[in-house]
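Report on the following structure.
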Amino acid sequence: MLRFIFFLMCLLQLRHTVLSVTEAVTAKPIIINGTYINPELGKYHARLRTLARSCLDIKEKNNASQDGMYILTTESGTYYQAFCDMTTAGGGWTLVASVHENNIKGKCSLGDRWSSQQGNDQNLPEGDGTWANTVTFGSAEGSTSDDYKNPGYYDISAKDVSVWHVPNNEQLKSWTSSAILRYHTESQFLTEHGGNLYHLFKKYPVRFGAGQCKSDMGPSSPVVYDTGDKDSTANLYGPSVGKEFESGFITFRVFNADQAAVAMCSGVKPTECNPQHYCIGGGGFFSDHQQCGDFTALKQASKHLTQSAVLLFYR
Amino acid sequence: MLRFIFFLMCLLQLRHTVLSVTEAVTAKPIIINGTYINPELGKYHARLRTLARSCLDIKEKNNASQDGMYILTTESGTYYQAFCDMTTAGGGWTLVASVHENNIKGKCSLGDRWSSQQGNDQNLPEGDGTWANTVTFGSAEGSTSDDYKNPGYYDISAKDVSVWHVPNNEQLKSWTSSAILRYHTESQFLTEHGGNLYHLFKKYPVRFGAGQCKSDMGPSSPVVYDTGDKDSTANLYGPSVGKEFESGFITFRVFNADQAAVAMCSGVKPTECNPQHYCIGGGGFFSDHQQCGDFTALKQASKHLTQSAVLLFYR
Amino acid sequence: MLRFIFFLMCLLQLRHTVLSVTEAVTAKPIIINGTYINPELGKYHARLRTLARSCLDIKEKNNASQDGMYILTTESGTYYQAFCDMTTAGGGWTLVASVHENNIKGKCSLGDRWSSQQGNDQNLPEGDGTWANTVTFGSAEGSTSDDYKNPGYYDISAKDVSVWHVPNNEQLKSWTSSAILRYHTESQFLTEHGGNLYHLFKKYPVRFGAGQCKSDMGPSSPVVYDTGDKDSTANLYGPSVGKEFESGFITFRVFNADQAAVAMCSGVKPTECNPQHYCIGGGGFFSDHQQCGDFTALKQASKHLTQSAVLLFYR
């Protein structure tokens, strides 16, 4: 009785496909002979099958090797899409955020979500608080043209970060080839700080007056370059500031001489007290209001740098 | 012929699981022996199975008892996720909005989506119009750190509201335990006003000059406390204003002595004409520009109150 | 052996429906006798079955005839919902954007996403750059109350556009009946400009100083009216400007006498050099700062026009 094999067209229903069905609430076949009638639905289901908490999970459980948009879930069950880099150094990188400067002369104005959009204001020492809260905004496909932050930023439990500097307005398919700087950490430094930047910045608040230059510098990790190197990194920040940092690192939460806080020094570790010239993001107050903004006071930096978005990945 | 039982692994396809399938458009099994290969997908499908117009629908049709993120649909077929409180007073509460003050000194500035982001302006008597339009913004998981409004606000047909005052930046899993004030109505007052606040505020516009203090006060309902009580409510608004309202109510659309409109008096019913001291949200113009903003002029209120987001639920 | 017909309850699992299953990761039936237990899930699956790159794809492959929200995907695999007009002139129109003026007196201020939100600024000749980037914002159901742009704007490969002027705050179900002006092109002009407005505006930048009035006017196409006609179009822009354009066209990227750029002249083709009086959207700088904004300087236009959102469809 059980010796024959069933090749039944099944997914949504087992009725024969010749039966006509018209009402929305009636099931319809979506697969014939093991192939999706609608290939786009097949692709969607393929993405849904790998649903996980991070791109690394997807990589490990499904041996996925294609870069692209995948479907993730937070611990609380919020579903969202994210870009996965499945290539760089073994892959498994989730894009969780981008820092984009929409107006280099705007000073903590509209669009400065990674510092403050409320103007330079001593009453708001943490500014918008984006580095240490669960607010999300933007989209992966728009992340080189606007600020971006998805739930992975606070939800994923990660060990390392990867950073891409991609020229503004580049489309997703061109990110890798157009990036002017790409690197990642291998030190697993995030494991000591709660597993992601959300927790790291809870521990090291990006808040004016919360510490001193040098003595209160946050975590720093050496980086491995994927595009560019130590010298090209230094060149991007301009000749006049090259002696104020050491290339080949990524550093978080640094104070300047006035106790103003910046969030992230991409590619460098400060050795002096003017991080506003080579670090990005920040709190909501700077003694010199000209320094307030997502790209703080990177005026001496190369336009290649200031006109590129900074994409943040976790693994 | 029909006497044997089929235990076939079916969901996406009926092929034997040993067959290898590689193309995205080819179906793959997702269930083996009645269990999901990928548990996260199982959780997602469980959420999808209860798809409904509101958390109350989900509660009633599925006997769901877990608080958390569920999947909802509007009448027009827009799908979205929302937080359901399945516990309080029988459960079935949908989180539809939060009012968050990002800058208590900002006056109808960026972030004041529940009053006006255009500055105090007599030409914009309704301000952003958020209380009575279908604009949505923010996310459930970020709703204690930023304003939030989902399609349920205008789409769900409800009878009662529930309100939680949750300290800023608290994460979803801590909302219940950290809330400083929680209450709900049982009067079914929304049934007389179109079934939700969108319709209520169409009827009672939050517009400067549209009415007078006292004579044109909108609907008010007694509340049942879940955290706190009448006295703790009064204390939150500060000692100097306690004689200007009666605790134990929620009241909508109230004018002050200058005909400026506020949207919601959480926990109280005004008896005098200074609602800006204990009500939130509003139109786009106040004779005293200092009163313009999401948290109007709650300066005398406790910091516990002004530094908490106000979460709105429907049932 | 194969002569009997299988009516098996299958979708999520083949177990008999009488078996109780409680864990989320265990499959449950969703269909009984070919009908969805949860009709809302049936509607959702019906939408998912037609997943495609555009409403036209859906129309052609599924013979869909109902206006409403459908599910689309970008080339990169970003899934989103969009409103499809399946009725007008054969249907297959995807709503990809809306231009909404939230404050006619605000000049390149918050909410002017289709020109600039940074104030009138010569340093930002392209303003926010929305016409030629992949940033998305807003929602279909809120598109008459706020600016809206979905991934279809840059992802869909289209031939024609359709434009609806719908009074502010009208709900989706009333759009068609309440529209004051509706028209579409049949010239397939988009095929010469990259298949959508994103590519068209890459070719014809909306940037101050990038060209001259008349000599550098972008593409124009005749239109076919669905609501209104040439005369009613002219009337909407006011009596004093009627001699400065020809009705019955849609025109893109036009400069005024000061080299300021506007993005779209809805229903008209300029013949003189004051497009700011009858065109919308623009760059980030105008010699007269009063002209900067989503609805530029439409002050002489009818309130019916300035208080309506402009909905853009592709086919």
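Residues in the structure tokens are named by chain (A, B, ... in the order shown) and by number from 1 within that chain; ligands are numbered from 1 in the order shown.
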Closest atom pairs, residues of chain B within 9 Å of chain C, only C-alpha atoms, as a Markdown table:
```
| residue | atom | partner | partner_atom | distance |
| --- | --- | --- | --- | --- |
| B:Met1 | CA | C:Met1 | CA | 8.2 |
| B:Leu2 | CA | C:Phe4 | CA | 8.8 |
| B:Ile5 | CA | C:Arg15 | CA | 8.7 |
| B:Phe6 | CA | C:Leu14 | CA | 7.0 |
| B:Phe7 | CA | C:Leu14 | CA | 6.2 |
| B:Leu8 | CA | C:Leu14 | CA | 5.9 |
| B:Met9 | CA | C:Gln13 | CA | 6.9 |
| B:Cys10 | CA | C:Gln13 | CA | 5.8 |
| B:Leu11 | CA | C:Leu12 | CA | 4.8 |
| B:Leu12 | CA | C:Leu11 | CA | 7.9 |
| B:Ile31 | CA | C:Ala27 | CA | 7.4 |
| B:Gly34 | CA | C:Ala27 | CA | 5.7 |
| B:Thr35 | CA | C:Thr26 | CA | 4.7 |
| B:Tyr36 | CA | C:Val25 | CA | 5.5 |
| B:Ile37 | CA | C:Val25 | CA | 8.6 |
| B:Asn38 | CA | C:Val25 | CA | 8.0 |
| B:Pro39 | CA | C:Val25 | CA | 5.2 |
| B:Glu40 | CA | C:Val25 | CA | 7.6 |
| B:Leu41 | CA | C:Val25 | CA | 7.7 |
| B:Gly42 | CA | C:Val25 | CA | 4.3 |
| B:Lys43 | CA | C:Ala24 | CA | 5.2 |
| B:Tyr44 | CA | C:Ala24 | CA | 8.5 |
| B:His45 | CA | C:Ala24 | CA | 8.2 |
| B:Ala46 | CA | C:Ala24 | CA | 5.8 |
| B:Arg47 | CA | C:Ala24 | CA | 8.7 |
| B:Leu48 | CA | C:Leu41 | CA | 7.1 |
| B:Arg49 | CA | C:Leu41 | CA | 6.5 |
| B:Thr50 | CA | C:Asn38 | CA | 7.4 |
| B:Leu51 | CA | C:Leu41 | CA | 6.0 |
| B:Ala52 | CA | C:Glu40 | CA | 6.3 |
| B:Arg53 | CA | C:Glu40 | CA | 8.5 |
| B:Thr73 | CA | C:Glu40 | CA | 8.0 |
| B:Ser76 | CA | C:Met69 | CA | 6.6 |
| B:Gly77 | CA | C:Met69 | CA | 5.7 |
| B:Thr78 | CA | C:Met69 | CA | 6.4 |
| B:Tyr79 | CA | C:Gln81 | CA | 8.2 |
| B:Leu110 | CA | C:Leu110 | CA | 7.9 |
| B:Gln117 | CA | C:Leu110 | CA | 7.5 |
| B:Gln118 | CA | C:Leu110 | CA | 7.1 |
| B:Asn123 | CA | C:Lys105 | CA | 8.6 |
| B:Leu124 | CA | C:Asn103 | CA | 7.7 |
| B:Asp128 | CA | C:Asn102 | CA | 7.7 |
| B:Gly129 | CA | C:Ser145 | CA | 8.7 |
| B:Ala132 | CA | C:Asn169 | CA | 8.8 |
| B:Asn133 | CA | C:Asn169 | CA | 6.3 |
| B:Thr134 | CA | C:Gly142 | CA | 4.8 |
| B:Val135 | CA | C:Gly142 | CA | 4.5 |
| B:Thr136 | CA | C:Gly142 | CA | 6.9 |
| B:Phe137 | CA | C:Gly138 | CA | 7.8 |
| B:Pro151 | CA | C:Glu141 | CA | 8.3 |
```
Write to file, as a JSON list (two decimals), in the first residue's frame, the residues of the selection just made, with C-alpha atoms.
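The file below, again-v9.json, is the result:
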```
[["chain", "number", "residue", "atom", "x", "y", "z"],
["B", 1, "MET", "CA", -7.80, 2.13, 0.35],
["B", 2, "LEU", "CA", -8.18, 5.06, 2.69],
["B", 5, "ILE", "CA", -2.57, 7.55, 7.81],
["B", 6, "PHE", "CA", -0.34, 9.93, 5.94],
["B", 7, "PHE", "CA", 2.51, 11.47, 7.85],
["B", 8, "LEU", "CA", 4.02, 13.36, 4.98],
["B", 9, "MET", "CA", 6.47, 16.16, 5.33],
["B", 10, "CYS", "CA", 4.67, 18.66, 3.32],
["B", 11, "LEU", "CA", 4.79, 22.36, 3.86],
["B", 12, "LEU", "CA", 6.72, 23.70, 0.97],
["B", 31, "ILE", "CA", 9.04, 20.63, 8.28],
["B", 34, "GLY", "CA", 5.79, 17.75, 12.12],
["B", 35, "THR", "CA", 8.55, 19.96, 13.48],
["B", 36, "TYR", "CA", 10.11, 22.98, 11.84],
["B", 37, "ILE", "CA", 13.69, 22.49, 10.68],
["B", 38, "ASN", "CA", 14.18, 26.20, 11.46],
["B", 39, "PRO", "CA", 12.45, 27.03, 14.77],
["B", 40, "GLU", "CA", 12.51, 30.76, 13.96],
["B", 41, "LEU", "CA", 10.42, 30.05, 10.88],
["B", 42, "GLY", "CA", 8.04, 28.07, 13.06],
["B", 43, "LYS", "CA", 7.61, 31.06, 15.34],
["B", 44, "TYR", "CA", 7.03, 33.31, 12.34],
["B", 45, "HIS", "CA", 4.39, 31.00, 10.91],
["B", 46, "ALA", "CA", 2.72, 30.81, 14.31],
["B", 47, "ARG", "CA", 2.45, 34.61, 14.28],
["B", 48, "LEU", "CA", 1.19, 34.62, 10.72],
["B", 49, "ARG", "CA", -1.52, 32.09, 11.53],
["B", 50, "THR", "CA", -3.12, 34.55, 13.96],
["B", 51, "LEU", "CA", -3.07, 37.45, 11.48],
["B", 52, "ALA", "CA", -5.95, 39.78, 12.37],
["B", 53, "ARG", "CA", -7.14, 43.37, 12.53],
["B", 73, "THR", "CA", -3.54, 43.99, 8.84],
["B", 76, "SER", "CA", -6.98, 48.07, 3.11],
["B", 77, "GLY", "CA", -4.53, 45.19, 3.43],
["B", 78, "THR", "CA", -1.46, 46.97, 4.82],
["B", 79, "TYR", "CA", 0.44, 44.47, 6.96],
["B", 110, "LEU", "CA", 11.83, 68.57, 15.46],
["B", 117, "GLN", "CA", 7.37, 70.46, 14.27],
["B", 118, "GLN", "CA", 6.94, 73.79, 12.46],
["B", 123, "ASN", "CA", -1.03, 79.87, 10.44],
["B", 124, "LEU", "CA", -0.90, 76.22, 11.45],
["B", 128, "ASP", "CA", 1.23, 68.52, 12.27],
["B", 129, "GLY", "CA", -2.31, 67.13, 12.52],
["B", 132, "ALA", "CA", -6.41, 63.07, 13.14],
["B", 133, "ASN", "CA", -4.47, 61.75, 10.15],
["B", 134, "THR", "CA", -3.11, 58.44, 8.86],
["B", 135, "VAL", "CA", 0.60, 59.29, 8.96],
["B", 136, "THR", "CA", 2.64, 56.60, 10.73],
["B", 137, "PHE", "CA", 6.16, 56.69, 12.18],
["B", 151, "PRO", "CA", -1.76, 51.91, 11.25]]
```
Original post:
Which is closest to Ala260 in chain B among B:Ser178, B:Ser115, B:Thr227, B:Ser232, if we use only C-alpha atoms?
Top reply: B:Ser115
Original post:
So which residues touch range 192-203 of chain A within 9 Å, counting only C-alpha atoms, skipping near sequence neighbours fewer than 2 positions away, as a ChimeraX atom specification?
Top reply: /A:130-134,153-161,188-190,205-206,218-219,252-253,263,314
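Comparing the minimum interatomic distances between Pro270 in chain B and each of B:His289, B:Lys214, B:Lys149, B:Arg315, counting only C-alpha atoms, we find that B:Lys214 sits nearest.
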Subject >> Contact residues around Trp93 in chain C with only C-alpha atoms at 7 Å, ignoring same-chain residues under 5 positions, as a PyMOL selection string >> reply: chain C and resi 55-56+84-86+313-315
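Atom to atom, CA of Ala97 in chain A and CA of Ser98 in chain C stand 26.4 Å apart.
Atom pair CA of Cys108 in chain C / CA of Asp294 in chain C: separated by 7.3 Å.
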Subject >> Test item, helix (DSSP H, G or I) assignment across range 7-184 of chain B, answer as a ChimeraX atom specification >> reply: /B:39-49,55-62,88-90,130-132,140-142,152-155,172-178
**OP:** Write out as JSON, numbers by chain all residues of range 8-235 of chain B that backbone DSSP assigns to strand (DSSP E).
**Re:** {"B": [31, 32, 35, 36, 68, 69, 70, 71, 72, 73, 79, 80, 81, 82, 83, 84, 85, 93, 94, 95, 96, 97, 98, 99, 148, 149, 161, 162, 163, 164, 165, 166, 167, 181, 182, 183, 184, 220, 221, 222, 224, 225, 226, 227]}
**OP:** Determine, counting only C-alpha atoms, which protein, DNA and RNA residues have an atom within 9 Å of an atom of His277 in chain A; residues of the same chain fewer than 3 positions away are not included. Present the result as an MDAnalysis selection string.
**Re:** chainID A and resid 237 241 274 280 291 295:301
